[in-house]
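Student: Shown below is the structure under consideration.
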Amino acid sequence: MTRKRRRLTILLLCALGLGTATALTLTAFQDNLVFFRSPSDIAAEPPPPGRAFRLGGLVEEGSVTRGSTPEGRPSVAFRVTDGRSTVGVQYAGVLPDLFREGQGVVTLGQMGPGGVFMAREVLARHDENYMPPEVAEALRRSGHWNPASGTAPPAGGRPGA
């Protein structure tokens, strides 16, 4: 084998190894990717069963119901809306201090039976003017909020309702 041919063989083997490593890495990441969806996105195209994703929107006014699990852990049920669609959420655990009705929220979990989102994490980090970027974008796309108009809309109902 000539020197030139040996270099080409080594180069091809390195490229094959790099391609294999890249493919394996991307396959592993695909299982851990968590996509953001708004209630309108879920209504238009329901996610596959068992697939974890982030659901974001506004906590609908008057929708928060508190209780406890049989084990004694606090639980809460509420609805998340983007102005067009609404999704029910159930969460067992302690909510963040800043969680309240009418504010932006991002939850992590998966769809459960009956179209209820089973959250395993609830994120609410804001002051009175802050809204998670994903929620703001979803509301802007749905036509429920124009950022140029100022503060976020109330979460009590649909636009014009």
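Each chain in the structure tokens gets a letter, A, B and so on, in the order shown; residues start at 1 in every chain, and ligands are counted from 1 in the order they appear.
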Would you list the contacts of region 74-89 of chain A as a PyMOL selection string, taking every protein, DNA or RNA residue within 6 Å and counting only C-alpha atoms, but skipping same-chain residues closer than 6 positions in sequence?

Tutor: chain A and resi 39-40+57-60+63-68+116-118+139+144+158

Student: Among the residues of region 14-147 of chain A, find those DSSP assigns to strand (DSSP E) from the backbone and print them as a PyMOL selection string.

Tutor: chain A and resi 35-37+53-59+65-68+74-81+86-92+104-111+117-123

Student: Residues of the last selection are to be written out with N, CA and C atoms, as a CSV table (one decimal), in the first residue's frame.

Tutor:
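Below is the file selection34.csv, written as the result:
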```csv
chain,number,residue,atom,x,y,z
A,35,PHE,N,-39.6,19.9,23.8
A,35,PHE,CA,-40.1,20.9,23.0
A,35,PHE,C,-41.1,21.8,23.7
A,36,PHE,N,-41.2,23.0,23.4
A,36,PHE,CA,-42.2,23.9,24.0
A,36,PHE,C,-43.5,23.9,23.1
A,37,ARG,N,-44.6,23.8,23.7
A,37,ARG,CA,-45.9,23.9,23.0
A,37,ARG,C,-46.8,24.8,23.7
A,53,PHE,N,-42.8,17.3,27.1
A,53,PHE,CA,-42.6,18.6,26.5
A,53,PHE,C,-43.0,19.6,27.5
A,54,ARG,N,-42.7,20.9,27.1
A,54,ARG,CA,-43.1,22.0,28.0
A,54,ARG,C,-44.4,22.7,27.5
A,55,LEU,N,-45.3,22.9,28.4
A,55,LEU,CA,-46.5,23.6,28.0
A,55,LEU,C,-46.5,25.0,28.7
A,56,GLY,N,-46.8,26.0,27.9
A,56,GLY,CA,-46.7,27.3,28.4
A,56,GLY,C,-47.9,28.2,28.0
A,57,GLY,N,-48.2,29.1,28.8
A,57,GLY,CA,-49.3,30.0,28.6
A,57,GLY,C,-49.6,30.8,29.8
A,58,LEU,N,-50.8,31.3,29.9
A,58,LEU,CA,-51.2,32.0,31.1
A,58,LEU,C,-52.1,31.1,32.0
A,59,VAL,N,-51.9,31.2,33.3
A,59,VAL,CA,-52.8,30.5,34.2
A,59,VAL,C,-54.2,31.2,34.2
A,65,THR,N,-57.4,24.9,41.5
A,65,THR,CA,-58.0,24.2,42.6
A,65,THR,C,-57.0,23.4,43.3
A,66,ARG,N,-56.9,23.6,44.6
A,66,ARG,CA,-55.9,23.0,45.4
A,66,ARG,C,-56.5,21.8,46.2
A,67,GLY,N,-55.6,20.8,46.5
A,67,GLY,CA,-56.0,19.6,47.2
A,67,GLY,C,-54.8,18.9,47.7
A,68,SER,N,-54.9,17.6,47.9
A,68,SER,CA,-53.7,16.8,48.4
A,68,SER,C,-53.9,15.4,47.8
A,74,PRO,N,-49.2,18.1,48.6
A,74,PRO,CA,-50.1,19.1,48.1
A,74,PRO,C,-50.2,18.8,46.6
A,75,SER,N,-51.4,19.0,46.0
A,75,SER,CA,-51.7,18.9,44.6
A,75,SER,C,-52.5,20.1,44.2
A,76,VAL,N,-52.4,20.4,42.9
A,76,VAL,CA,-53.1,21.5,42.3
A,76,VAL,C,-53.6,21.2,40.9
A,77,ALA,N,-54.7,21.6,40.5
A,77,ALA,CA,-55.2,21.5,39.2
A,77,ALA,C,-55.5,22.9,38.7
A,78,PHE,N,-55.1,23.2,37.5
A,78,PHE,CA,-55.4,24.6,36.9
A,78,PHE,C,-55.4,24.4,35.4
A,79,ARG,N,-55.8,25.5,34.7
A,79,ARG,CA,-55.9,25.5,33.2
A,79,ARG,C,-54.9,26.6,32.7
A,80,VAL,N,-54.2,26.2,31.6
A,80,VAL,CA,-53.3,27.1,31.0
A,80,VAL,C,-53.9,27.4,29.6
A,81,THR,N,-53.9,28.7,29.3
A,81,THR,CA,-54.5,29.2,28.1
A,81,THR,C,-53.5,30.1,27.3
A,86,THR,N,-57.3,26.0,25.6
A,86,THR,CA,-57.0,25.8,27.0
A,86,THR,C,-56.7,24.4,27.3
A,87,VAL,N,-55.7,24.1,28.1
A,87,VAL,CA,-55.3,22.7,28.5
A,87,VAL,C,-55.4,22.7,30.0
A,88,GLY,N,-56.0,21.6,30.5
A,88,GLY,CA,-56.0,21.4,32.0
A,88,GLY,C,-54.7,20.8,32.4
A,89,VAL,N,-54.2,21.2,33.6
A,89,VAL,CA,-52.9,20.7,34.1
A,89,VAL,C,-53.2,20.2,35.5
A,90,GLN,N,-52.5,19.1,35.8
A,90,GLN,CA,-52.5,18.5,37.2
A,90,GLN,C,-51.0,18.5,37.6
A,91,TYR,N,-50.8,18.9,38.9
A,91,TYR,CA,-49.5,18.9,39.4
A,91,TYR,C,-49.5,18.5,40.9
A,92,ALA,N,-48.6,17.6,41.3
A,92,ALA,CA,-48.5,17.2,42.7
A,92,ALA,C,-47.2,17.6,43.2
A,104,GLY,N,-47.9,34.3,33.5
A,104,GLY,CA,-47.3,33.3,32.7
A,104,GLY,C,-46.7,32.1,33.4
A,105,VAL,N,-46.8,31.0,32.8
A,105,VAL,CA,-46.3,29.8,33.5
A,105,VAL,C,-45.7,28.8,32.4
A,106,VAL,N,-44.7,28.1,32.7
A,106,VAL,CA,-44.2,27.0,31.9
A,106,VAL,C,-44.2,25.7,32.7
A,107,THR,N,-44.8,24.7,32.2
A,107,THR,CA,-44.8,23.4,32.9
A,107,THR,C,-44.1,22.3,32.1
A,108,LEU,N,-43.5,21.4,32.8
A,108,LEU,CA,-42.8,20.3,32.1
A,108,LEU,C,-43.5,19.0,32.5
A,109,GLY,N,-43.9,18.2,31.5
A,109,GLY,CA,-44.5,16.9,31.8
A,109,GLY,C,-45.0,16.3,30.5
A,110,GLN,N,-46.1,15.5,30.6
A,110,GLN,CA,-46.6,14.9,29.4
A,110,GLN,C,-48.1,14.8,29.5
A,111,MET,N,-48.8,14.5,28.3
A,111,MET,CA,-50.2,14.4,28.3
A,111,MET,C,-50.7,13.1,29.0
A,117,PHE,N,-52.8,17.5,31.1
A,117,PHE,CA,-51.4,17.6,31.1
A,117,PHE,C,-50.9,17.2,32.5
A,118,MET,N,-50.1,16.2,32.7
A,118,MET,CA,-49.6,15.8,34.0
A,118,MET,C,-48.2,16.4,34.1
A,119,ALA,N,-48.1,17.5,34.9
A,119,ALA,CA,-46.9,18.2,35.1
A,119,ALA,C,-46.0,17.6,36.2
A,120,ARG,N,-44.8,17.5,35.9
A,120,ARG,CA,-43.8,17.1,37.0
A,120,ARG,C,-43.0,18.3,37.5
A,121,GLU,N,-43.1,19.4,36.8
A,121,GLU,CA,-42.4,20.6,37.2
A,121,GLU,C,-43.2,21.8,36.8
A,122,VAL,N,-43.2,22.8,37.6
A,122,VAL,CA,-43.9,24.1,37.3
A,122,VAL,C,-42.9,25.2,37.5
A,123,LEU,N,-42.7,26.0,36.4
A,123,LEU,CA,-41.8,27.1,36.5
A,123,LEU,C,-42.6,28.4,36.4
```

Student: Could you pull out all residues of chain A with a DSSP call of alpha helix (DSSP H) and give them as a ChimeraX atom specification?

Tutor: /A:3-32,39-44,133-142
